[in-house]
Structures are given as structure tokens and as C-alpha cells.
Amino acid sequence: MLKKVVITQPLPDKNLKGLVGRCDIAVLSGKQSLSSAQARDKLANCHGLICLLSDAIDHFVLDAMPKLEFVSSVSVGVDHIDVAILTERDIPLGHTPGVLAAATADAAFGLLLAAARRLVEGDRYIREGNWRPDNRWSADFFLGKDVSGTTLGIIGLGAIGQAMARRGAGFDMRLLSWTPSGRKVSGVDSVSLEELLSRSDFVSVHLALTGTTHDFLSADKIATMKPGAVLVNTARGGIVNELALAQALDSGHLYAAGLDVFESEPMAMDSPLLHHPRVVVVPHIGSATALTRAKMVELAVRNAKAGLDGRPMPHCVNPEVYPVFGAG
Ligand code: GLV
């Protein structure tokens, strides 16, 4: 009998062809919570789960899947999943690193430029009918902040942070980095976090959200950022203290922010960040290009196929679940 794989929301058929014939596929609508009674019925007999970052895979959901043998997430971040429970149950978790690095760094650099050069504010200005003959152009009209030749501080130097560094180099920026792992990359000065925050004109966050990075850019750390700096976050919302960021923008300590990710998504419409004209927000679209998403699904399917066959996944978050791990 074929094993059952549940996919939490419809994905393009052509990307799933690697699974056809190898398992029974059930696709949920993606509109209901996985802990709803309807979804739990479908999960009860599943051996494999393919999920997205918007699915909270917590202990309630995992308890509803006693036969679960693998999880494959179409995301690089796995903070939506209780990895500890999976590891305890010897269930491998696959994710999709690498393939979204370029698209996400493009989005991060786009946010950096948009925030520094007030591009969204300018767009709004015209659409709201404010650009009139009497204020057509003046020497101090819509001044923004220089990007080229300034200093970019990159927090986290994984594939996305490194791709961001290459974009910064193209803009003649001095590159500073700090990573929890101490990783060093040629052309990027590895410095202490304090030095990075105090020297950078632009700070871009590229950390994974974990227990230790939650609230990582706290009010205290934001207070040590260089006056007039711009913060860009395309990693996860919970890493930056949003209230402290809004206060730093309101007080004029920070110049602007470009944000793709938020503590809670969709973001609350009464968030103080939305009241600040120099905050550019987009709805978690860092990896949202057709090609990148296709590559992410392809990788998630490769992980799922390995899960079905009982082989090690090509990109496994918790490889310690495999007996061979650490044996040598
Ligand atoms: C995007 O945020 C991802 O984790 O894939």
C-alpha cells in the first residue's frame, strides 16, 4: 500500500510530478488551521507532511499524526515547526536552503534602496496628487540618504547574508559582518556586534529565528545603532523588537526601515511601524519569484522522496535522527 503524504496547500502540479505514483497525495486547502477538526482527520493517517512557513506545526498538529515519518517544509526557516518534537520522534525535517538566497538578497537590497531613497514615499506623493507645478523640483526636494560608498553591516552570513554582501560590494559599500558562528567571508570585515551596530549606515538582518535570536535586536541594541542608520529585515520578525524599532524611528534616532517580515503575520494594521512614513513594508515576499518558488518546491519534493524511501534527505535540519549520524 502506498504511503500517504499530506500537502498543506495546493502547489503547482508540475513541481510535484516527482511524487506522483510514489505515494497517495492529499492536498489541504491551506485556508484552515492544521489543528481544526477537519484538517486533523486528514492528518491522522499520514506518513509524510509537506508544509509551508505559514503552517504552525506544533505539538497539537504533531500529536494528530502518530504515523508520521517525515516533514518537508517549503522554506529555509523552520521556526514554524517544533523541531525538538520531531527529533525526539526520530522524524527527519527537510528544508530548502540556498535556492532562495539570490531572490531574498535582491528583496533585501530593494528594501534598503527604497527606504534610503524614499521611493515608496515618492510614489505615494505623486498618487495622492501632491506633485504640482509650484513644487515641481527644488534643491532640497525629497532628499534621501546616500547608499553608495557607505557602510553595510550584515548580521548572519549564511547564503542570504553572503548574497547581500555581494550586492553591497556592487554599490561600493564597506562591508561589516557579525555571525553567531563566527563565520568569515573574504571581502567582509568580521567585527563584534557592538562595532557593527555603531559603525553601520545600513544594518541587514539574516539570522534564523530560534530561541536565542528571539528579540535579538532589542531596545538596548537598537539604541546603540549609528544615528541615522537604516534597518532592513528579511529574516524573521521576532528577531527585531518592533516597538523599540518604531520608537527609534519616531525619535529620529534611526532614519528608516525596510521590512519584509513581522512578529505576527499578517501584520497588525495598528502596528506603530505603519504610522511612520519612512518604513517600507512588504508582505513576506523575499523569496517570491516564480523561478525561486519552483526551485523551493523541487527541493522540498526531493526531501520528501528521500523521506518516503527512508534515505537521508538532501537538506535535513535534524540529521541526528539518522542512525549513521555521528557513528563514525
Ligand atoms: C522564507 O522566509 C523562508 O524561510 O523560506
# chains A, B, ... in the order shown; residues from 1 in each chain; ligands from 1
$ select_by_dssp --residues "segment 102-184 of chain A" --states "strand (DSSP E)" --output "list of chain:residue names"
A:Thr151, A:Leu152, A:Gly153, A:Ile154, A:Ile155, A:Arg174, A:Leu175, A:Leu176, A:Ser177, A:Trp178
$ residues_around --residues "Pro180 of chain A" --least-positions-apart "2" --cutoff "9 Å" --atoms "only C-alpha atoms" --output "short mmCIF file (atom, residue, chain, number, x, y, z; two decimals) with all heavy atoms, in the first residue's frame"
data_model
loop_
_atom_site.label_atom_id
_atom_site.label_comp_id
_atom_site.auth_asym_id
_atom_site.auth_seq_id
_atom_site.Cartn_x
_atom_site.Cartn_y
_atom_site.Cartn_z
N ILE A 155 24.15 41.05 9.58
CA ILE A 155 24.07 40.18 10.76
C ILE A 155 23.61 38.80 10.28
O ILE A 155 22.48 38.63 9.83
CB ILE A 155 23.08 40.76 11.80
CG1 ILE A 155 23.57 42.14 12.25
CG2 ILE A 155 22.92 39.81 12.98
CD1 ILE A 155 22.70 42.80 13.30
N GLY A 156 24.54 37.84 10.31
CA GLY A 156 24.23 36.50 9.78
C GLY A 156 24.82 36.37 8.39
O GLY A 156 24.44 37.11 7.48
N TRP A 178 28.68 40.27 11.38
CA TRP A 178 28.76 39.54 12.65
C TRP A 178 27.85 38.33 12.49
O TRP A 178 26.75 38.43 11.94
CB TRP A 178 28.26 40.39 13.83
CG TRP A 178 28.30 39.60 15.10
CD1 TRP A 178 29.35 39.45 15.94
CD2 TRP A 178 27.23 38.80 15.63
NE1 TRP A 178 29.02 38.61 16.96
CE2 TRP A 178 27.72 38.19 16.79
CE3 TRP A 178 25.91 38.53 15.22
CZ2 TRP A 178 26.95 37.34 17.57
CZ3 TRP A 178 25.14 37.68 15.99
CH2 TRP A 178 25.67 37.09 17.16
N GLY A 182 30.65 32.85 13.96
CA GLY A 182 31.99 33.38 13.75
C GLY A 182 32.48 33.19 12.32
O GLY A 182 33.66 33.41 12.03
N ARG A 183 31.56 32.79 11.40
CA ARG A 183 31.97 32.56 10.00
C ARG A 183 32.60 33.83 9.40
O ARG A 183 32.15 34.94 9.65
CB ARG A 183 30.74 32.17 9.18
CG ARG A 183 31.00 32.09 7.70
CD ARG A 183 29.76 31.74 6.92
NE ARG A 183 29.47 30.32 6.99
CZ ARG A 183 28.25 29.79 6.90
NH1 ARG A 183 27.20 30.57 6.75
NH2 ARG A 183 28.07 28.49 6.97
N LEU A 207 19.53 36.32 10.12
CA LEU A 207 19.65 35.22 11.09
C LEU A 207 18.42 34.33 11.00
O LEU A 207 17.36 34.79 10.58
CB LEU A 207 19.68 35.78 12.52
CG LEU A 207 20.88 36.62 12.96
CD1 LEU A 207 20.61 37.18 14.35
CD2 LEU A 207 22.14 35.77 12.95
#
$ closest_residue --among "A:Val76, A:Ala219, A:Ala102, A:Ala107" --to "Pro283 of chain A" --atoms "only C-alpha atoms"
A:Ala107
$ residues_near_ligand --ligand "ligand 1" --cutoff "10 Å" --atoms "only C-alpha atoms and all ligand atoms" --output "PyMOL selection string"
chain A and resi 52-54+73-80+95-101+104+208-209+234-236+260-261+284-288+293+296
$ write_last_selection --atoms "C-alpha atoms" --output "PDB file, in the first residue's frame"
ATOM      1  CA  LEU A  52       4.793  25.941   4.204  1.00  0.00           C
ATOM      2  CA  LEU A  53       6.126  28.557   6.600  1.00  0.00           C
ATOM      3  CA  SER A  54       2.586  29.752   7.312  1.00  0.00           C
ATOM      4  CA  SER A  73       8.946  22.347   4.569  1.00  0.00           C
ATOM      5  CA  VAL A  74       8.929  24.576   1.502  1.00  0.00           C
ATOM      6  CA  SER A  75      11.014  27.170   3.350  1.00  0.00           C
ATOM      7  CA  VAL A  76      14.523  27.678   4.609  1.00  0.00           C
ATOM      8  CA  GLY A  77      13.357  28.882   8.045  1.00  0.00           C
ATOM      9  CA  VAL A  78      11.781  26.256  10.283  1.00  0.00           C
ATOM     10  CA  ASP A  79      10.692  28.375  13.252  1.00  0.00           C
ATOM     11  CA  HIS A  80       7.065  27.415  12.472  1.00  0.00           C
ATOM     12  CA  HIS A  95      14.009  22.491   4.313  1.00  0.00           C
ATOM     13  CA  THR A  96      15.111  24.467   1.243  1.00  0.00           C
ATOM     14  CA  PRO A  97      18.331  26.433   1.826  1.00  0.00           C
ATOM     15  CA  GLY A  98      20.401  28.041  -0.922  1.00  0.00           C
ATOM     16  CA  VAL A  99      17.877  28.260  -3.743  1.00  0.00           C
ATOM     17  CA  LEU A 100      16.207  31.371  -2.330  1.00  0.00           C
ATOM     18  CA  ALA A 101      19.383  33.261  -1.423  1.00  0.00           C
ATOM     19  CA  THR A 104      15.845  37.180  -0.880  1.00  0.00           C
ATOM     20  CA  ALA A 208      17.367  32.245  11.632  1.00  0.00           C
ATOM     21  CA  LEU A 209      14.730  32.764  14.317  1.00  0.00           C
ATOM     22  CA  THR A 234      14.068  39.978   5.549  1.00  0.00           C
ATOM     23  CA  ALA A 235      14.816  37.191   8.074  1.00  0.00           C
ATOM     24  CA  ARG A 236      12.065  36.844  10.682  1.00  0.00           C
ATOM     25  CA  ASP A 260       9.580  42.041   4.807  1.00  0.00           C
ATOM     26  CA  VAL A 261       8.857  40.081   7.993  1.00  0.00           C
ATOM     27  CA  HIS A 284       6.974  38.404   3.468  1.00  0.00           C
ATOM     28  CA  ILE A 285       7.867  38.183  -0.223  1.00  0.00           C
ATOM     29  CA  GLY A 286      11.645  37.746  -0.008  1.00  0.00           C
ATOM     30  CA  SER A 287      11.633  34.504  -1.999  1.00  0.00           C
ATOM     31  CA  ALA A 288       8.575  35.340  -4.098  1.00  0.00           C
ATOM     32  CA  ARG A 293       9.445  29.177  -5.622  1.00  0.00           C
ATOM     33  CA  MET A 296      11.999  25.566  -3.404  1.00  0.00           C
TER      34      MET A 296
END
$ select_by_dssp --residues "segment 1-214 of chain A" --states "alpha helix (DSSP H)" --output "PyMOL selection string"
chain A and resi 13-16+37-43+59-63+83-88+101-116+119-127+159-170+193-199
$ residues_around --residues "Ser251 of chain A" --least-positions-apart "4" --cutoff "12 Å" --atoms "only C-alpha atoms" --output "list in words"
Ala223, Pro227, Gly228, Ala244, Leu245, Ala246, Gln247, Tyr255, Ala256 and His276 of chain A
